[in-house]
$ cat coords_10.txt   # compact mmCIF, C-alpha atoms
# COMPACT_ATOMS: atom_id res chain seq x y z
CA MET A 1 10.30 -11.59 18.82
CA GLN A 2 11.82 -14.02 21.34
CA PRO A 3 10.03 -17.29 22.28
CA VAL A 4 8.28 -16.91 25.63
CA GLY A 5 6.25 -20.13 25.83
CA TRP A 6 2.50 -20.63 25.69
CA SER A 7 1.91 -18.95 29.06
CA GLY A 8 4.14 -15.94 28.39
CA ARG A 9 3.04 -12.43 27.49
CA ILE A 10 4.17 -10.44 24.50
CA ARG A 11 3.59 -6.89 23.30
CA LEU A 12 2.22 -6.68 19.77
CA SER A 13 3.42 -4.00 17.39
CA ARG A 14 1.03 -1.50 15.86
CA GLY A 15 1.36 -3.32 12.55
CA SER A 16 0.35 -6.60 14.17
CA LEU A 17 -2.67 -4.95 15.79
CA ARG A 18 -3.74 -3.54 12.39
CA ASP A 19 -3.46 -7.03 10.91
CA LEU A 20 -5.63 -8.46 13.69
CA ASP A 21 -8.24 -5.77 13.10
CA TRP A 22 -8.16 -6.59 9.40
CA TRP A 23 -8.74 -10.29 10.07
CA ALA A 24 -11.58 -9.51 12.47
CA ASP A 25 -13.32 -7.32 9.88
CA ILE A 26 -13.18 -9.76 6.95
CA PRO A 27 -16.71 -10.04 5.52
CA THR A 28 -18.35 -13.46 5.73
CA ARG A 29 -18.35 -13.82 1.94
CA HIS A 30 -14.54 -13.93 2.00
CA CYS A 31 -14.31 -16.71 4.61
CA SER A 32 -14.58 -19.44 2.00
CA ALA A 33 -12.94 -20.09 -1.33
CA ALA A 34 -13.56 -22.27 -4.36
CA ILE A 35 -11.74 -25.61 -4.35
CA HIS A 36 -10.86 -25.12 -8.00
CA ILE A 37 -10.22 -21.82 -9.79
CA GLY A 38 -10.67 -21.92 -13.53
CA PRO A 39 -8.01 -20.96 -16.05
CA ALA A 40 -6.95 -17.34 -16.22
CA ALA A 41 -8.93 -15.16 -18.60
CA VAL A 42 -6.16 -12.55 -18.91
CA ASP A 43 -2.38 -12.97 -19.24
CA LEU A 44 -0.50 -9.97 -17.88
CA SER A 45 3.30 -9.69 -18.16
CA VAL A 46 4.92 -7.30 -15.68
CA ASP A 47 8.47 -6.08 -15.14
CA ALA A 48 10.32 -3.26 -13.44
CA SER A 49 13.71 -1.64 -13.79
CA ARG A 50 15.61 0.95 -11.81
CA HIS A 51 13.93 3.93 -13.45
CA SER A 52 10.61 2.64 -14.83
CA TRP A 53 8.06 -0.18 -15.02
CA GLY A 54 6.21 -1.84 -17.86
CA ALA A 55 3.44 -4.32 -18.60
CA THR A 56 1.86 -5.97 -21.63
CA LEU A 57 -1.63 -7.39 -22.03
CA HIS A 58 -2.70 -9.00 -25.29
CA GLY A 59 -0.60 -6.62 -27.39
CA ARG A 60 -1.38 -3.53 -25.31
CA ILE A 61 1.48 -1.74 -23.55
CA ALA A 62 1.50 0.07 -20.21
CA ARG A 63 4.53 1.85 -18.85
CA GLY A 64 5.56 4.61 -16.52
CA TYR A 65 8.39 6.11 -14.52
CA TRP A 66 9.06 5.96 -10.81
CA SER A 67 8.46 9.14 -8.92
CA SER A 68 11.33 10.83 -7.12
CA ASN A 69 10.17 9.21 -3.85
CA ASP A 70 9.99 5.70 -5.34
CA TYR A 71 13.16 5.90 -7.43
CA LEU A 72 15.46 4.91 -4.54
CA ALA A 73 13.28 1.98 -3.40
CA HIS A 74 14.55 -1.61 -3.57
CA ILE A 75 13.99 -3.43 -6.85
CA ASN A 76 11.83 -6.08 -5.13
CA TRP A 77 9.43 -3.38 -3.96
CA LYS A 78 9.38 -1.87 -7.44
CA GLU A 79 8.56 -5.25 -8.98
CA LEU A 80 5.63 -5.69 -6.58
CA ARG A 81 4.37 -2.13 -7.03
CA ALA A 82 4.58 -2.64 -10.81
CA VAL A 83 1.94 -5.38 -10.51
CA ARG A 84 -0.54 -2.92 -8.98
CA HIS A 85 0.33 -0.24 -11.55
CA ALA A 86 -0.23 -2.77 -14.34
CA LEU A 87 -3.63 -3.79 -12.98
CA GLU A 88 -4.64 -0.15 -12.53
CA SER A 89 -3.57 0.61 -16.11
CA PHE A 90 -5.63 -2.23 -17.59
CA LEU A 91 -8.52 -2.02 -15.13
CA PRO A 92 -11.34 -2.40 -17.71
CA TYR A 93 -9.75 -5.64 -18.93
CA VAL A 94 -9.03 -7.25 -15.54
CA THR A 95 -12.05 -6.33 -13.40
CA GLN A 96 -13.92 -9.44 -12.23
CA ARG A 97 -11.40 -11.67 -14.00
CA VAL A 98 -8.85 -14.33 -13.14
CA VAL A 99 -5.51 -12.77 -14.12
CA LEU A 100 -2.27 -14.66 -14.71
CA ILE A 101 0.72 -12.53 -13.69
CA ARG A 102 3.92 -13.41 -15.58
CA GLU A 103 6.92 -12.19 -13.59
CA ASP A 104 10.67 -12.82 -13.66
CA ASN A 105 11.22 -11.78 -10.03
CA THR A 106 11.21 -14.69 -7.57
CA CYS A 107 10.53 -12.42 -4.58
CA THR A 108 7.41 -10.98 -6.20
CA GLN A 109 6.22 -14.46 -7.09
CA ALA A 110 6.65 -15.58 -3.46
CA VAL A 111 4.88 -12.54 -2.00
CA LEU A 112 1.94 -12.90 -4.40
CA GLY A 113 1.75 -16.60 -3.62
CA ARG A 114 1.68 -16.10 0.18
CA LEU A 115 -0.14 -12.73 0.10
CA SER A 116 2.33 -11.57 2.75
CA SER A 117 5.99 -10.85 3.37
CA ARG A 118 8.41 -10.62 6.28
CA SER A 119 9.63 -7.34 4.82
CA PRO A 120 7.55 -4.48 6.29
CA CYS A 121 7.60 -2.43 3.07
CA LEU A 122 6.70 -5.42 0.88
CA HIS A 123 3.97 -6.48 3.31
CA GLU A 124 2.47 -2.98 3.28
CA GLU A 125 2.51 -2.91 -0.52
CA MET A 126 0.88 -6.37 -0.58
CA ARG A 127 -1.78 -5.05 1.77
CA CYS A 128 -2.58 -2.23 -0.69
CA LEU A 129 -2.63 -4.69 -3.58
CA TRP A 130 -4.97 -7.01 -1.69
CA SER A 131 -7.43 -4.17 -1.06
CA PHE A 132 -7.33 -3.30 -4.75
CA LEU A 133 -7.99 -6.91 -5.75
CA GLN A 134 -10.94 -7.15 -3.37
CA GLU A 135 -12.41 -3.87 -4.56
CA HIS A 136 -12.38 -4.95 -8.21
CA SER A 137 -13.04 -8.71 -7.73
CA ILE A 138 -9.73 -9.76 -9.27
CA ILE A 139 -8.13 -13.18 -8.62
CA LEU A 140 -4.41 -13.50 -9.28
CA GLN A 141 -2.46 -16.49 -10.46
CA VAL A 142 1.33 -16.24 -10.73
CA GLU A 143 3.77 -17.74 -13.18
CA ARG A 144 7.49 -17.08 -13.19
CA VAL A 145 9.18 -16.58 -16.54
CA ALA A 146 12.81 -16.05 -17.47
CA SER A 147 13.86 -12.44 -18.00
CA ALA A 148 14.57 -13.14 -21.68
CA GLU A 149 11.00 -14.43 -22.10
CA ASN A 150 9.26 -11.64 -20.21
CA GLU A 151 7.27 -9.62 -22.76
CA ALA A 152 7.27 -6.63 -20.42
CA ASP A 153 11.05 -6.40 -20.19
CA ALA A 154 11.43 -3.96 -23.08
CA ALA A 155 8.53 -1.83 -21.85
CA SER A 156 10.14 -1.47 -18.43
CA ARG A 157 13.44 -0.25 -19.87
CA TRP A 158 12.17 2.22 -22.45
CA ILE A 159 13.08 5.85 -21.76
CA ASP A 160 10.99 8.72 -23.12
CA ARG A 161 13.25 11.78 -23.08
CA ASP A 162 10.43 14.02 -24.34
CA ASP A 163 8.08 13.46 -21.40
CA TYR A 164 7.93 16.98 -19.99
CA ARG A 165 5.69 18.56 -17.38
CA LEU A 166 4.64 22.16 -17.25
CA HIS A 167 5.58 23.79 -13.96
CA PRO A 168 2.50 23.73 -11.65
CA HIS A 169 2.77 27.48 -11.11
CA LEU A 170 2.66 28.15 -14.85
CA PHE A 171 -0.20 25.70 -15.27
CA GLN A 172 -2.17 27.55 -12.59
CA LEU A 173 -1.62 30.83 -14.43
CA ILE A 174 -2.99 29.22 -17.61
CA GLU A 175 -5.88 27.70 -15.65
CA ASN A 176 -6.79 31.09 -14.20
CA ARG A 177 -6.66 32.83 -17.57
CA PHE A 178 -8.07 30.23 -19.99
CA GLY A 179 -9.68 27.62 -17.71
CA PRO A 180 -11.22 25.77 -16.22
CA HIS A 181 -9.81 22.82 -18.20
CA ASP A 182 -11.44 19.38 -18.14
CA VAL A 183 -8.83 17.03 -19.65
CA ASP A 184 -5.03 16.91 -19.58
CA LEU A 185 -3.87 15.61 -22.97
CA PHE A 186 -0.46 14.09 -23.70
CA ALA A 187 0.10 13.39 -20.00
CA SER A 188 0.88 10.48 -17.67
CA HIS A 189 -0.05 9.53 -14.11
CA ILE A 190 3.22 11.07 -12.92
CA ASN A 191 2.94 14.50 -14.54
CA ALA A 192 -0.82 15.01 -15.08
CA GLN A 193 -2.17 18.37 -13.92
CA LEU A 194 -5.84 17.28 -13.93
CA PRO A 195 -7.67 14.17 -12.66
CA CYS A 196 -8.82 13.29 -16.20
CA LEU A 197 -5.92 12.59 -18.56
CA PHE A 198 -5.04 11.02 -21.89
CA SER A 199 -1.66 9.29 -22.08
CA ARG A 200 0.71 8.01 -24.74
CA HIS A 201 0.60 4.52 -23.23
CA HIS A 202 -1.73 2.82 -20.77
CA CYS A 203 -1.04 4.01 -17.23
CA PRO A 204 -2.94 4.27 -13.93
CA GLY A 205 -5.86 6.67 -14.13
CA SER A 206 -5.67 7.26 -17.88
CA SER A 207 -8.99 7.81 -19.66
CA GLY A 208 -7.57 6.98 -23.07
CA VAL A 209 -4.43 6.29 -25.07
CA HIS A 210 -3.26 8.62 -27.81
CA THR A 211 -2.01 5.86 -30.09
CA LEU A 212 -5.58 4.53 -30.21
CA ASP A 213 -7.81 7.54 -29.67
CA TRP A 214 -5.75 10.20 -31.40
CA ALA A 215 -3.90 8.32 -34.15
CA GLN A 216 -5.98 5.42 -35.46
CA ARG A 217 -9.49 6.71 -34.90
CA LEU A 218 -8.64 10.32 -35.73
CA ARG A 219 -6.20 9.41 -38.54
CA LEU A 220 -3.39 11.61 -37.29
CA PRO A 221 -0.12 11.27 -39.24
CA THR A 222 2.90 9.71 -37.63
CA PRO A 223 5.14 12.39 -36.07
CA GLY A 224 8.21 13.03 -38.19
CA PRO A 225 11.40 14.99 -37.52
CA GLY A 226 10.55 17.95 -35.35
CA PRO A 227 7.14 18.85 -33.91
CA LYS A 228 5.55 20.26 -37.09
CA PRO A 229 3.60 17.21 -38.47
CA PHE A 230 2.12 16.25 -35.12
CA LEU A 231 1.27 19.81 -34.06
CA MET A 232 -0.41 20.54 -37.39
CA ALA A 233 -2.45 17.35 -36.99
CA VAL A 234 -3.55 18.40 -33.52
CA VAL A 235 -4.60 21.84 -34.81
CA GLN A 236 -6.54 20.17 -37.63
CA LYS A 237 -8.32 17.89 -35.17
CA VAL A 238 -9.21 20.81 -32.91
CA ARG A 239 -10.73 22.63 -35.88
CA GLU A 240 -12.73 19.56 -36.97
CA GLU A 241 -14.14 18.99 -33.50
CA GLN A 242 -14.56 22.75 -32.83
CA ALA A 243 -12.90 22.04 -29.49
CA CYS A 244 -11.66 24.64 -27.04
CA VAL A 245 -8.10 23.78 -26.02
CA THR A 246 -5.01 25.42 -24.58
CA LEU A 247 -2.03 24.09 -26.54
CA VAL A 248 1.43 24.61 -25.05
CA VAL A 249 4.16 24.09 -27.67
CA PRO A 250 7.94 24.57 -27.87
CA TYR A 251 9.15 28.02 -28.89
CA TRP A 252 10.69 26.92 -32.17
CA THR A 253 11.03 29.98 -34.42
CA PRO A 254 12.02 28.20 -37.71
CA GLN A 255 8.72 26.29 -37.62
CA PRO A 256 5.35 27.85 -38.53

$ encode --input "coords_10.txt" --output "structure tokens"
Amino acid sequence: MQPVGWSGRIRLSRGSLRDLDWWADIPTRHCSAAIHIGPAAVDLSVDASRHSWGATLHGRIARGYWSSNDYLAHINWKELRAVRHALESFLPYVTQRVVLIREDNTCTQAVLGRLSSRSPCLHEEMRCLWSFLQEHSIILQVERVASAENEADAASRWIDRDDYRLHPHLFQLIENRFGPHDVDLFASHINAQLPCLFSRHHCPGSSGVHTLDWAQRLRLPTPGPGPKPFLMAVVQKVREEQACVTLVVPYWTPQP
């Protein structure tokens, strides 16, 4: 935009008009702020890599992969999106709390500090994050840490090569024959077939974590070489709970 002086006329972009509408619609309760915000109640470490993102909160781990559409995005956008994914994953622990975000990305720290960005894609992502924060009454504080000191670094670089997804067409055949199903077990927010899911690690939309709900509480043995120990434990649990499940397993003839 070129300077035109105070008496000049300019044409606003559609994005600028949306921002003006947003400002005009801010509720009165948001037009003031506390002079002093107390210390953060929750410390949340967040990081992102080329293929995945990760977060840690008081010993709990959240992680996930980028979708095919997000995989090619710039790393700064991934770092900012990872913050929202982390908050969504730990929603019960961060709602109505002051949350300290520990990040090693200076761009993310700046965007969170200003709540805006000159980059259109970063600004749009910040807009979505702001709406999420308002909806759940979350206040963010930001602290930059060195990459070597970021607790979420390892979580963001971990690769699960056994994270498969049943083809949607095959799932629909199973749904038609044995359904309707209520819960998608052993899933993630990327590959879940149903709205309600249980995941290996915390992730957006997960109703529970297997390491907590299926291993500790249900006393399932640790999976050993091959699928046998874990699959037998799942079958035992199904029998104990008299649950009705559809279990899809690898076609491994040497195993029972």

$ closest_residue --input "coords_10.txt" --among "A:Ala110, A:Val94, A:Leu80, A:Ala155" --to "Arg63 (chain A)" --atoms "only C-alpha atoms"
A:Ala155

$ closest_residue --input "coords_10.txt" --among "A:Ser49, A:Thr246, A:Ser199, A:Ser68" --to "Ile174 (chain A)" --atoms "only C-alpha atoms"
A:Thr246

$ closest_residue --input "coords_10.txt" --among "A:Asn191, A:Asn76, A:Gln141, A:Gln96" --to "Arg165 (chain A)" --atoms "all atoms listed in the file"
A:Asn191

$ residues_around --input "coords_10.txt" --residues "Ala62 (chain A)" --least-positions-apart "6" --cutoff "9 Å" --atoms "all atoms listed in the file" --output "JSON list (two decimals) with C-alpha atoms, in the coordinates of the input"
[["chain", "number", "residue", "atom", "x", "y", "z"],
["A", 53, "TRP", "CA", 8.06, -0.18, -15.02],
["A", 54, "GLY", "CA", 6.21, -1.84, -17.86],
["A", 55, "ALA", "CA", 3.44, -4.32, -18.60],
["A", 56, "THR", "CA", 1.86, -5.97, -21.63],
["A", 85, "HIS", "CA", 0.33, -0.24, -11.55],
["A", 86, "ALA", "CA", -0.23, -2.77, -14.34],
["A", 89, "SER", "CA", -3.57, 0.61, -16.11],
["A", 90, "PHE", "CA", -5.63, -2.23, -17.59],
["A", 152, "ALA", "CA", 7.27, -6.63, -20.42],
["A", 155, "ALA", "CA", 8.53, -1.83, -21.85],
["A", 156, "SER", "CA", 10.14, -1.47, -18.43],
["A", 201, "HIS", "CA", 0.60, 4.52, -23.23],
["A", 202, "HIS", "CA", -1.73, 2.82, -20.77],
["A", 203, "CYS", "CA", -1.04, 4.01, -17.23],
["A", 204, "PRO", "CA", -2.94, 4.27, -13.93]]

$ residues_near_point --input "coords_10.txt" --point "(9.1, -9.6, -8.8)" --cutoff "10 Å" --atoms "only C-alpha atoms" --output "VMD selection string"
chain A and resid 46 to 48 75 to 83 102 to 112 144

$ write_last_selection --input "coords_10.txt" --atoms "C-alpha atoms" --output "PDB file, in the frame of the given file"
ATOM      1  CA  VAL A  46       4.920  -7.300 -15.680  1.00  0.00           C
ATOM      2  CA  ASP A  47       8.470  -6.080 -15.140  1.00  0.00           C
ATOM      3  CA  ALA A  48      10.320  -3.260 -13.440  1.00  0.00           C
ATOM      4  CA  ILE A  75      13.990  -3.430  -6.850  1.00  0.00           C
ATOM      5  CA  ASN A  76      11.830  -6.080  -5.130  1.00  0.00           C
ATOM      6  CA  TRP A  77       9.430  -3.380  -3.960  1.00  0.00           C
ATOM      7  CA  LYS A  78       9.380  -1.870  -7.440  1.00  0.00           C
ATOM      8  CA  GLU A  79       8.560  -5.250  -8.980  1.00  0.00           C
ATOM      9  CA  LEU A  80       5.630  -5.690  -6.580  1.00  0.00           C
ATOM     10  CA  ARG A  81       4.370  -2.130  -7.030  1.00  0.00           C
ATOM     11  CA  ALA A  82       4.580  -2.640 -10.810  1.00  0.00           C
ATOM     12  CA  VAL A  83       1.940  -5.380 -10.510  1.00  0.00           C
ATOM     13  CA  ARG A 102       3.920 -13.410 -15.580  1.00  0.00           C
ATOM     14  CA  GLU A 103       6.920 -12.190 -13.590  1.00  0.00           C
ATOM     15  CA  ASP A 104      10.670 -12.820 -13.660  1.00  0.00           C
ATOM     16  CA  ASN A 105      11.220 -11.780 -10.030  1.00  0.00           C
ATOM     17  CA  THR A 106      11.210 -14.690  -7.570  1.00  0.00           C
ATOM     18  CA  CYS A 107      10.530 -12.420  -4.580  1.00  0.00           C
ATOM     19  CA  THR A 108       7.410 -10.980  -6.200  1.00  0.00           C
ATOM     20  CA  GLN A 109       6.220 -14.460  -7.090  1.00  0.00           C
ATOM     21  CA  ALA A 110       6.650 -15.580  -3.460  1.00  0.00           C
ATOM     22  CA  VAL A 111       4.880 -12.540  -2.000  1.00  0.00           C
ATOM     23  CA  LEU A 112       1.940 -12.900  -4.400  1.00  0.00           C
ATOM     24  CA  ARG A 144       7.490 -17.080 -13.190  1.00  0.00           C
TER      25      ARG A 144
END

$ atom_distance --input "coords_10.txt" --atom1 "CA of Arg84 (chain A)" --atom2 "CA of Leu166 (chain A)"
26.9 Å

$ closest_residue --input "coords_10.txt" --among "A:Ala192, A:Ala148, A:Leu87, A:Leu100" --to "Pro168 (chain A)" --atoms "all atoms listed in the file"
A:Ala192

$ atom_distance --input "coords_10.txt" --atom1 "CA of Gly208 (chain A)" --atom2 "CA of Asp182 (chain A)"
13.9 Å

$ closest_residue --input "coords_10.txt" --among "A:Leu170, A:Val99, A:Ala73, A:Ile139" --to "Leu122 (chain A)" --atoms "all atoms listed in the file"
A:Ala73

$ residues_near_point --input "coords_10.txt" --point "(-5.1, 16.1, -17.9)" --cutoff "9 Å" --atoms "only C-alpha atoms" --output "list in words"
His181, Asp182, Val183, Asp184, Leu185, Phe186, Ala187, Ser188, Asn191, Ala192, Gln193, Leu194, Pro195, Cys196, Leu197, Phe198, Ser199 and Ser206 of chain A

$ atom_distance --input "coords_10.txt" --atom1 "CA of Trp23 (chain A)" --atom2 "CA of Trp130 (chain A)"
12.8 Å
